[in-house]
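Raw contents of model_22.csv, CSV, C-alpha atoms:
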chain,number,residue,atom,x,y,z
A,16,MET,CA,9.2,24.2,-12.3
A,17,THR,CA,6.8,22.5,-14.7
A,18,ARG,CA,6.9,18.7,-15.1
A,19,ARG,CA,4.8,15.8,-16.0
A,20,LEU,CA,4.7,12.9,-13.6
A,21,LEU,CA,4.4,9.9,-15.8
A,22,PRO,CA,4.8,6.4,-14.2
A,23,SER,CA,8.0,4.6,-14.9
A,24,VAL,CA,5.8,1.8,-16.3
A,25,PRO,CA,2.8,2.7,-18.6
A,26,SER,CA,-0.6,2.2,-17.1
A,27,ALA,CA,-1.4,-0.4,-19.8
A,28,ALA,CA,1.4,-2.6,-18.3
A,29,LEU,CA,0.1,-2.2,-14.8
A,30,PHE,CA,-3.5,-3.3,-15.1
A,31,PRO,CA,-5.7,-5.0,-17.8
A,32,LYS,CA,-7.5,-2.6,-20.0
A,33,ASP,CA,-10.9,-3.9,-18.8
A,34,SER,CA,-10.1,-3.0,-15.1
A,35,ALA,CA,-11.5,-0.1,-13.0
A,36,TYR,CA,-10.5,1.2,-9.6
A,37,MET,CA,-13.2,0.8,-6.9
A,38,ALA,CA,-11.7,0.6,-3.4
A,39,ARG,CA,-14.6,1.3,-1.1
A,40,THR,CA,-15.3,-1.8,1.0
A,41,ASP,CA,-16.8,-2.3,4.5
A,42,LEU,CA,-15.3,-2.3,8.0
A,43,GLY,CA,-15.9,-6.1,8.4
A,44,SER,CA,-13.6,-6.8,5.5
A,45,THR,CA,-10.9,-4.6,7.0
A,46,ARG,CA,-11.2,-5.4,10.7
A,47,LEU,CA,-7.6,-6.6,10.9
A,48,LEU,CA,-6.3,-3.4,9.4
A,49,GLY,CA,-7.8,-1.2,12.2
A,50,TYR,CA,-9.8,0.7,9.5
A,51,THR,CA,-12.3,3.4,10.5
A,52,GLU,CA,-15.1,5.1,8.5
A,53,LEU,CA,-12.5,7.6,7.4
A,54,ASN,CA,-10.3,4.9,5.8
A,55,GLN,CA,-13.2,3.5,3.8
A,56,ASP,CA,-13.4,6.7,1.8
A,57,ALA,CA,-9.8,7.9,2.0
A,58,VAL,CA,-8.5,4.7,0.3
A,59,THR,CA,-10.5,5.7,-2.8
A,60,GLY,CA,-8.1,8.6,-3.4
A,61,LEU,CA,-5.2,6.3,-4.2
A,62,LEU,CA,-3.7,5.7,-7.7
A,63,LEU,CA,-4.5,9.1,-9.1
A,64,GLY,CA,-2.4,9.5,-12.3
A,65,LEU,CA,-1.9,5.7,-12.7
A,66,MET,CA,-5.3,4.5,-14.1
A,67,GLY,CA,-5.0,6.1,-17.5
A,68,THR,CA,-8.5,6.6,-19.0
A,69,ARG,CA,-10.1,3.7,-17.1
A,70,PRO,CA,-13.2,4.2,-14.9
A,71,THR,CA,-12.6,5.0,-11.2
A,72,VAL,CA,-14.9,5.4,-8.2
A,73,ARG,CA,-13.7,8.1,-5.8
A,74,HIS,CA,-15.1,10.0,-2.8
A,75,ILE,CA,-15.6,13.7,-3.4
A,76,SER,CA,-13.2,14.6,-0.5
A,77,SER,CA,-10.2,13.6,-2.6
A,78,VAL,CA,-11.3,14.9,-6.0
A,79,THR,CA,-12.8,18.4,-5.6
A,80,ASP,CA,-12.0,20.8,-8.4
A,81,GLU,CA,-9.6,22.6,-6.1
A,82,ILE,CA,-7.7,19.4,-5.3
A,83,LEU,CA,-7.6,18.1,-8.9
A,84,GLU,CA,-6.3,21.5,-10.2
A,85,PHE,CA,-3.5,21.4,-7.6
A,86,LEU,CA,-2.5,17.8,-8.3
A,87,THR,CA,-2.4,18.6,-12.0
A,88,ARG,CA,-0.2,21.6,-11.4
A,89,GLY,CA,2.0,19.2,-9.4
A,90,GLY,CA,2.5,17.0,-12.4
A,91,LEU,CA,-0.1,14.3,-12.2
A,92,GLN,CA,-1.8,13.4,-15.5
A,93,ILE,CA,-5.4,12.6,-14.4
A,94,GLU,CA,-7.4,11.4,-17.4
A,95,GLU,CA,-9.6,8.7,-15.9
A,96,ASP,CA,-13.4,8.3,-16.3
A,97,MET,CA,-14.1,9.4,-12.7
A,98,HIS,CA,-17.3,8.5,-10.9
A,99,VAL,CA,-17.6,10.7,-7.8
A,100,PHE,CA,-19.6,9.7,-4.8
A,101,ARG,CA,-20.6,11.2,-1.4
A,102,GLN,CA,-22.4,8.2,0.2
A,103,GLY,CA,-21.4,4.6,0.2
A,104,SER,CA,-24.6,3.6,-1.6
A,105,GLU,CA,-23.5,5.9,-4.5
A,106,ALA,CA,-20.2,4.1,-4.7
A,107,LEU,CA,-21.9,0.7,-5.0
A,108,ALA,CA,-24.3,2.0,-7.6
A,109,ALA,CA,-21.4,3.4,-9.7
A,110,ALA,CA,-19.4,0.2,-9.4
A,111,GLU,CA,-22.4,-1.9,-10.4
A,112,LYS,CA,-22.8,0.2,-13.5
A,113,ILE,CA,-19.1,-0.1,-14.3
A,114,VAL,CA,-19.3,-3.9,-14.0
A,115,ALA,CA,-22.3,-4.0,-16.2
A,116,ASP,CA,-20.3,-2.1,-18.8
A,117,GLY,CA,-17.8,-5.0,-18.9
A,118,TYR,CA,-15.1,-3.9,-16.4
A,119,ARG,CA,-13.5,-5.8,-13.6
A,120,LEU,CA,-12.9,-4.0,-10.3
A,121,ILE,CA,-9.4,-3.4,-8.8
A,122,SER,CA,-9.6,-3.1,-5.0
A,123,PRO,CA,-6.8,-3.3,-2.4
A,124,TYR,CA,-9.2,-5.3,-0.2
A,125,PRO,CA,-12.1,-7.7,-0.9
A,126,LEU,CA,-15.3,-6.0,-1.8
A,127,PRO,CA,-18.6,-6.7,0.0
A,128,GLU,CA,-19.5,-10.3,-1.0
A,129,ALA,CA,-23.2,-9.5,-0.8
A,130,GLU,CA,-22.9,-6.8,-3.4
A,131,PHE,CA,-20.6,-8.3,-6.1
A,132,SER,CA,-20.1,-11.6,-7.7
A,133,GLU,CA,-16.6,-13.2,-7.9
A,134,SER,CA,-16.4,-12.3,-11.6
A,135,ALA,CA,-16.8,-8.6,-10.8
A,136,ALA,CA,-13.3,-8.5,-9.4
A,137,LEU,CA,-10.1,-8.4,-11.3
A,138,VAL,CA,-8.7,-10.8,-8.7
A,139,PRO,CA,-11.5,-13.2,-7.6
A,140,PRO,CA,-11.9,-13.1,-3.8
A,141,PRO,CA,-10.9,-16.7,-3.1
A,142,LEU,CA,-7.6,-16.2,-5.0
A,143,TRP,CA,-7.1,-12.8,-3.3
A,144,ARG,CA,-7.5,-14.4,0.1
A,145,ARG,CA,-5.2,-17.4,-0.7
A,146,LEU,CA,-2.4,-15.2,-2.1
A,147,ASN,CA,-2.5,-12.8,0.9
A,148,ALA,CA,-2.8,-15.5,3.5
A,149,LYS,CA,0.5,-15.6,5.4
A,150,GLN,CA,0.3,-19.3,6.1
A,151,PHE,CA,0.5,-20.0,2.4
A,152,LEU,CA,3.6,-17.8,1.7
A,153,GLY,CA,5.6,-21.0,1.2
A,154,ASP,CA,3.6,-21.7,-2.0
A,155,LEU,CA,5.2,-18.6,-3.5
A,156,VAL,CA,8.6,-18.3,-1.9
A,157,PRO,CA,11.2,-21.1,-1.5
A,158,GLU,CA,12.2,-22.1,2.1
A,159,ARG,CA,15.6,-20.4,1.8
A,160,HIS,CA,13.9,-17.0,1.5
A,161,LEU,CA,11.5,-17.5,4.4
A,162,PRO,CA,11.9,-17.3,8.2
A,163,LYS,CA,11.3,-20.5,10.1
A,164,ARG,CA,7.6,-20.5,10.7
A,165,ARG,CA,4.6,-22.7,11.7
A,166,VAL,CA,0.9,-22.3,12.0
A,167,LEU,CA,-0.6,-22.4,15.5
A,168,GLY,CA,-3.9,-24.2,16.0
A,169,PRO,CA,-6.7,-22.9,18.2
A,170,GLY,CA,-5.9,-23.0,21.9
A,171,THR,CA,-2.1,-23.2,21.5
A,172,PRO,CA,-0.6,-22.2,24.9
A,173,ALA,CA,1.8,-19.4,25.0
A,174,GLU,CA,4.3,-21.5,27.0
A,175,GLY,CA,4.9,-23.8,24.0
A,176,ILE,CA,5.5,-21.4,21.2
A,177,GLY,CA,9.2,-20.7,21.7
A,178,LEU,CA,10.7,-17.2,22.2
A,179,PRO,CA,11.3,-14.7,20.9
A,180,VAL,CA,8.7,-15.1,18.2
A,181,VAL,CA,6.7,-12.9,15.8
A,182,LEU,CA,2.9,-13.8,15.8
A,183,LYS,CA,0.9,-12.8,12.7
A,184,ALA,CA,-2.7,-13.2,11.7
A,185,GLY,CA,-3.1,-15.9,9.1
A,186,GLY,CA,-6.3,-16.8,7.2
A,187,GLY,CA,-7.6,-14.8,4.3
A,188,GLU,CA,-8.5,-11.5,6.0
A,189,ALA,CA,-7.0,-8.2,4.9
A,190,THR,CA,-4.0,-7.2,6.9
A,191,GLY,CA,-1.4,-4.6,6.8
A,192,TRP,CA,0.5,-1.7,8.5
A,193,GLY,CA,1.7,-4.2,11.2
A,194,TYR,CA,-1.8,-3.9,12.8
A,195,ALA,CA,-2.1,-7.7,13.2
A,196,VAL,CA,1.6,-8.5,14.0
A,197,ARG,CA,3.1,-8.9,17.5
A,198,LEU,CA,6.7,-9.3,18.6
A,199,CYS,CA,6.7,-11.5,21.7
A,200,GLN,CA,9.8,-11.8,23.9
A,201,THR,CA,8.2,-13.1,27.0
A,202,VAL,CA,5.5,-15.7,27.8
A,203,ASP,CA,3.2,-12.9,29.1
A,204,GLU,CA,3.6,-11.0,25.8
A,205,ALA,CA,2.8,-14.1,23.8
A,206,ALA,CA,-0.3,-14.8,26.0
A,207,ASP,CA,-1.5,-11.3,25.6
A,208,ALA,CA,-1.0,-11.5,21.8
A,209,LEU,CA,-2.8,-14.8,21.5
A,210,ALA,CA,-5.7,-13.4,23.5
A,211,TRP,CA,-5.9,-10.3,21.2
A,212,PHE,CA,-5.9,-12.4,18.0
A,213,ARG,CA,-8.7,-14.5,19.5
A,214,GLU,CA,-10.7,-11.5,20.4
A,215,GLN,CA,-10.4,-10.3,16.8
A,216,GLY,CA,-11.7,-13.6,15.5
A,217,ALA,CA,-8.3,-14.5,14.1
A,218,GLY,CA,-7.3,-17.2,16.6
A,219,ASP,CA,-7.8,-20.2,14.4
A,220,THR,CA,-4.8,-19.5,12.1
A,221,ILE,CA,-1.9,-17.7,13.7
A,222,VAL,CA,1.5,-17.8,12.1
A,223,ALA,CA,4.4,-18.1,14.5
A,224,GLU,CA,7.6,-16.8,12.8
A,225,GLU,CA,11.2,-16.8,14.1
A,226,TYR,CA,12.4,-13.4,15.0
A,227,LEU,CA,15.2,-12.2,12.7
A,228,SER,CA,17.3,-9.1,13.0
A,229,VAL,CA,16.9,-7.2,9.7
A,230,GLY,CA,19.1,-4.4,8.6
A,231,ARG,CA,17.1,-3.0,5.6
A,232,SER,CA,13.7,-4.1,4.2
A,233,TRP,CA,11.9,-3.2,1.0
A,234,CYS,CA,8.4,-3.4,-0.5
A,235,ALA,CA,9.2,-5.0,-3.8
A,236,HIS,CA,6.6,-4.7,-6.6
A,237,VAL,CA,5.6,-6.7,-9.6
A,238,ALA,CA,2.9,-6.3,-12.3
A,239,CYS,CA,1.3,-9.5,-13.6
A,240,SER,CA,-0.4,-9.6,-17.0
A,241,ASP,CA,-1.8,-12.4,-19.1
A,242,LYS,CA,1.6,-12.9,-20.8
A,243,SER,CA,4.3,-12.1,-18.2
A,244,THR,CA,5.4,-10.8,-14.8
A,245,GLN,CA,7.4,-7.6,-14.7
A,246,TYR,CA,9.5,-6.4,-11.8
A,247,LEU,CA,8.7,-2.8,-11.0
A,248,GLY,CA,11.3,-2.1,-8.4
A,249,ALA,CA,11.5,-2.0,-4.6
A,250,ILE,CA,11.1,0.9,-2.2
A,251,GLU,CA,12.8,0.9,1.2
A,252,GLN,CA,10.6,0.8,4.2
A,253,VAL,CA,10.9,3.2,7.2
A,254,PHE,CA,9.7,2.0,10.6
A,255,ALA,CA,8.5,3.8,13.7
A,256,GLY,CA,8.7,0.6,15.7
A,257,PHE,CA,8.7,-3.1,15.1
A,258,ALA,CA,6.5,-3.9,12.1
A,259,ARG,CA,5.0,-0.4,12.3
A,260,GLN,CA,5.8,1.2,8.9
A,261,ALA,CA,6.0,5.0,9.0
A,262,GLY,CA,6.9,5.7,5.4
A,263,SER,CA,9.1,4.8,2.4
A,264,VAL,CA,12.4,6.0,0.9
A,265,MET,CA,13.5,5.5,-2.7
A,266,ASP,CA,17.3,5.7,-2.6
A,267,PRO,CA,19.4,4.6,-5.6
A,268,ASN,CA,22.3,3.8,-3.2
A,269,HIS,CA,20.2,1.2,-1.4
A,270,LEU,CA,18.2,-0.7,-4.1
A,271,LEU,CA,17.2,-4.3,-3.5
A,272,PRO,CA,20.1,-6.5,-4.8
A,273,GLU,CA,19.6,-9.2,-7.4
A,274,ASP,CA,19.3,-12.1,-4.9
A,275,GLY,CA,16.2,-10.5,-3.5
A,276,VAL,CA,14.9,-9.4,-6.9
A,277,GLY,CA,15.0,-13.0,-8.1
A,278,ALA,CA,12.9,-14.2,-5.2
A,279,ILE,CA,10.3,-11.5,-5.8
A,280,GLU,CA,10.1,-12.2,-9.6
A,281,ALA,CA,9.7,-15.9,-9.0
A,282,ALA,CA,6.9,-15.3,-6.4
A,283,GLY,CA,5.1,-12.9,-8.8
A,284,GLU,CA,5.3,-15.4,-11.7
A,285,THR,CA,3.9,-18.2,-9.5
A,286,ALA,CA,1.0,-15.9,-8.5
A,287,ARG,CA,0.4,-15.0,-12.1
A,288,SER,CA,0.2,-18.7,-13.0
A,289,PHE,CA,-2.5,-19.0,-10.3
A,290,GLY,CA,-4.5,-16.2,-12.1
A,291,PHE,CA,-3.4,-13.0,-10.3
A,292,ARG,CA,-3.5,-9.9,-12.5
A,293,GLY,CA,-2.4,-6.4,-11.6
A,294,VAL,CA,0.1,-4.8,-9.2
A,295,ALA,CA,1.4,-6.6,-6.1
A,296,ALA,CA,4.3,-6.3,-3.6
A,297,LEU,CA,6.1,-8.5,-1.1
A,298,ASP,CA,7.9,-7.3,1.9
A,299,ILE,CA,11.5,-8.5,1.8
A,300,GLY,CA,14.4,-7.9,4.2
A,301,ARG,CA,18.2,-8.5,4.4
A,302,THR,CA,19.2,-10.2,7.7
A,303,GLU,CA,22.4,-9.6,9.5
A,304,ASP,CA,23.9,-12.7,8.0
A,305,GLY,CA,23.1,-11.5,4.4
A,306,ARG,CA,20.0,-13.6,3.7
A,307,TYR,CA,17.1,-12.1,1.8
A,308,VAL,CA,13.9,-13.1,3.6
A,309,VAL,CA,10.3,-12.5,2.5
A,310,PHE,CA,8.0,-11.6,5.4
A,311,ASP,CA,4.6,-10.8,3.9
A,312,PRO,CA,2.6,-11.1,0.7
A,313,ASN,CA,0.7,-8.0,-0.4
A,314,PHE,CA,-1.2,-9.0,-3.5
A,315,ARG,CA,-2.8,-5.6,-4.0
A,316,VAL,CA,-1.7,-2.0,-4.6
A,317,ASN,CA,0.3,-0.6,-1.6
A,318,ALA,CA,0.7,2.7,0.0
A,319,SER,CA,4.2,3.0,-1.5
A,320,THR,CA,3.1,2.0,-5.1
A,321,THR,CA,2.5,5.6,-6.3
A,322,GLN,CA,5.9,6.9,-4.9
A,323,LEU,CA,7.7,4.0,-6.5
A,324,LEU,CA,6.2,4.5,-9.9
A,325,PHE,CA,6.5,8.3,-10.0
A,326,HIS,CA,10.0,8.6,-8.5
A,327,HIS,CA,11.9,8.5,-11.7
A,328,ALA,CA,9.8,11.2,-13.4
A,329,ALA,CA,10.1,13.4,-10.3
A,330,THR,CA,13.9,13.2,-10.1
A,331,GLU,CA,14.8,13.0,-13.8
A,332,GLY,CA,16.9,16.0,-14.8
A,333,THR,CA,17.2,17.4,-11.3
A,334,ALA,CA,19.9,17.4,-8.7
A,335,TRP,CA,17.8,15.2,-6.5
A,336,SER,CA,17.9,11.4,-6.5
A,337,VAL,CA,16.2,10.4,-3.3
A,338,SER,CA,12.5,10.6,-2.4
A,339,HIS,CA,10.9,10.3,1.0
A,340,SER,CA,7.2,9.7,1.5
A,341,LEU,CA,5.0,12.3,3.3
A,342,ASN,CA,1.6,11.3,4.8
A,343,THR,CA,0.2,13.7,7.4
A,344,VAL,CA,-3.0,15.3,8.7
A,345,SER,CA,-3.8,19.0,9.0
A,346,PRO,CA,-6.4,21.1,10.8
A,347,LEU,CA,-6.0,23.8,8.1
A,348,PRO,CA,-8.6,24.6,5.4
A,349,MET,CA,-7.8,23.0,2.1
A,350,ALA,CA,-7.1,26.3,0.5
A,351,GLU,CA,-4.4,27.1,3.0
A,352,ILE,CA,-3.0,23.6,2.8
A,353,ILE,CA,-2.6,24.0,-1.0
A,354,ALA,CA,-1.2,27.5,-0.6
A,355,ARG,CA,1.6,26.1,1.7
A,356,LEU,CA,2.4,23.2,-0.6
A,357,SER,CA,2.3,25.2,-3.8
A,358,GLY,CA,5.8,26.7,-3.4
A,359,PRO,CA,7.6,23.3,-2.8
A,360,ALA,CA,5.5,21.7,-5.6
A,361,ALA,CA,6.4,24.6,-8.0
A,362,GLU,CA,10.1,24.3,-7.1
A,363,GLY,CA,9.9,20.6,-7.9
A,364,TRP,CA,11.0,19.1,-4.6
A,365,PHE,CA,7.5,18.1,-3.5
A,366,ALA,CA,5.2,15.8,-5.5
A,367,PRO,CA,1.6,15.7,-4.2
A,368,THR,CA,-0.2,12.4,-4.9
A,369,ARG,CA,-3.3,12.6,-2.7
A,370,LEU,CA,-5.2,15.2,-0.7
A,371,LEU,CA,-8.4,14.8,1.3
A,372,ASP,CA,-10.5,17.7,2.3
A,373,ALA,CA,-12.1,17.1,5.7
A,374,ALA,CA,-14.8,19.6,5.0
A,375,HIS,CA,-16.4,17.0,2.6
A,376,LEU,CA,-16.0,14.0,5.0
A,377,PRO,CA,-17.4,14.2,8.5
A,378,ALA,CA,-15.5,11.0,9.5
A,379,ALA,CA,-12.3,12.9,9.1
A,380,GLY,CA,-13.1,15.0,12.3
A,381,GLY,CA,-11.8,18.2,10.8
A,382,ALA,CA,-8.3,16.7,9.9
A,383,SER,CA,-7.5,16.8,6.2
A,384,LEU,CA,-5.0,14.5,4.7
A,385,CYS,CA,-1.9,15.2,2.7
A,386,THR,CA,0.1,12.6,0.9
A,387,GLY,CA,3.0,12.8,-1.5
A,388,PHE,CA,6.8,12.6,-1.4
A,389,THR,CA,9.7,15.0,-1.1
A,390,LEU,CA,13.0,15.0,-3.0
A,391,GLY,CA,16.6,15.5,-1.9
A,392,ALA,CA,20.2,15.0,-2.9
A,393,THR,CA,20.5,12.5,0.0
A,394,ARG,CA,18.0,10.7,2.2
A,395,GLU,CA,18.7,13.1,5.0
A,396,ASP,CA,17.8,16.0,2.8
A,397,ALA,CA,14.5,14.4,1.6
A,398,GLU,CA,13.6,13.4,5.2
A,399,THR,CA,14.3,16.9,6.5
A,400,ARG,CA,12.1,18.4,3.8
A,401,ALA,CA,9.3,15.9,4.6
A,402,ALA,CA,9.5,16.8,8.3
A,403,GLY,CA,9.4,20.5,7.5
A,404,LEU,CA,6.2,20.1,5.4
A,405,VAL,CA,4.6,18.0,8.2
A,406,ALA,CA,5.3,20.8,10.6
A,407,ALA,CA,4.0,23.4,8.2
A,408,MET,CA,0.7,21.5,8.0
A,409,GLN,CA,0.2,21.9,11.7
A,410,GLU,CA,0.9,25.6,12.0
A,411,THR,CA,-2.3,27.5,12.5
Rewrite the coordinates I just gave you, this time as structure tokens.
Amino acid sequence: MTRRLLPSVPSAALFPKDSAYMARTDLGSTRLLGYTELNQDAVTGLLLGLMGTRPTVRHISSVTDEILEFLTRGGLQIEEDMHVFRQGSEALAAAEKIVADGYRLISPYPLPEAEFSESAALVPPPLWRRLNAKQFLGDLVPERHLPKRRVLGPGTPAEGIGLPVVLKAGGGEATGWGYAVRLCQTVDEAADALAWFREQGAGDTIVAEEYLSVGRSWCAHVACSDKSTQYLGAIEQVFAGFARQAGSVMDPNHLLPEDGVGAIEAAGETARSFGFRGVAALDIGRTEDGRYVVFDPNFRVNASTTQLLFHHAATEGTAWSVSHSLNTVSPLPMAEIIARLSGPAAEGWFAPTRLLDAAHLPAAGGASLCTGFTLGATREDAETRAAGLVAAMQET
């Protein structure tokens, strides 16, 4: 099956024409994400097929000739001005040249402040930190769409918080994946969580949020340009445990209803008025009493962004309407990984979006990465296919 995976919204509407993708930052800037040396380079492989002809800075492990050829066969249209690096210093040098050529850098997380001026970033770091700081979510979202919440000062005792409670790292540090979120149902759990936040250097601003029972939740996306805010859609979140996201499902039978969409559009427009440009998302859930509640701001590209934007092209004209994310590791050589994925990709029910060859990245420890999404007539079909490919990636 031959297809072209074109995003549902053109690249020109997602990012300004003078923007470039440069995602390699440092472990200090990502300490509340639990990032490792592997993540620093793996994140540079995101957004393939979404940047148009703009410059990008990518680690060789995600863009070898072998990988790019397979991704192209899988449907991605990769036309970017790609700058490939092997060492972090090479990434910085490439980014500095791109900035000197008049581009502003897109990055999911703040770039090293010692290396770049504020004007080098599409979203200036102070604005990025403000928009992503959980304690300021009320600046973007009205109270009726927020859980009851308050900010705990340094030294707040666990006994006075009120239970059950969800504790989250505030401040302007990069967070995500539920790494800096703790559900506390006992005083001991709250005390342990407070101690952990303080050990991480995040004890000065902790957000205490009421615990709400949520049926479904979505990562709802917007794109902000100089002239307008465009709603891009919302993709349902799949969890392995409380606040531990394990994937995403795009299901036309469970789209975010208009009440939720309105809250997201309004938040995006407010952020746009502050100066935000590019793609962002907010996590929003439906509670048991039917409220739509926003939990987290993500004013950056997200892990689910690519699946959301390619879902329509992947399913159009097929018997499949649902997509399920796939993100796994494999001990197999890249040639064997591609061989095992080629059949599903050719048949059209698997869309590869990112591969990482561990042979080119010692920090991977011999475990290559495979990211994409599977298609099915139902979410059960798509999930079963994703599980089957995960298993196939482990068989030696």
- [ ] Find the residue from A:Ala35, A:Leu341, A:Ala382, A:Cys199 that sits nearest to A:Arg369; use all atoms listed in the file when measuring.
- [x]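 Of A:Ala35, A:Leu341, A:Ala382, A:Cys199, the one nearest A:Arg369, counting all atoms listed in the file, is A:Leu341.
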TODO: Could you give me, as a ChimeraX atom specification, the residues within 9 Å of A:Ala57, counting only C-alpha atoms and dropping anything in the same chain fewer than 3 positions from it?
DONE: /A:39,52-54,60-61,73-74,76-77,371,384
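The coordinates place atom CA of A:His326 at 23.6 Å from atom CA of A:Ser243.
Counting from atom CA of A:Arg101, the distance to atom CA of A:Ile75 is 5.9 Å.
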TODO: Mind checking which residues fall within 12 Å of A:Arg394, counting all atoms listed in the file, ignoring those fewer than 3 positions away in the same chain, and posting them as a ChimeraX atom specification?
DONE: /A:251,253,263-269,335-340,388-391,397-401
- [ ] Write out as a ChimeraX atom specification which residues come within 9 Å of stretch 211-216 of chain A when counting all atoms listed in the file, dropping same-chain ones fewer than 5 positions away.
- [x] /A:46-47,169,183-184,195,206,221
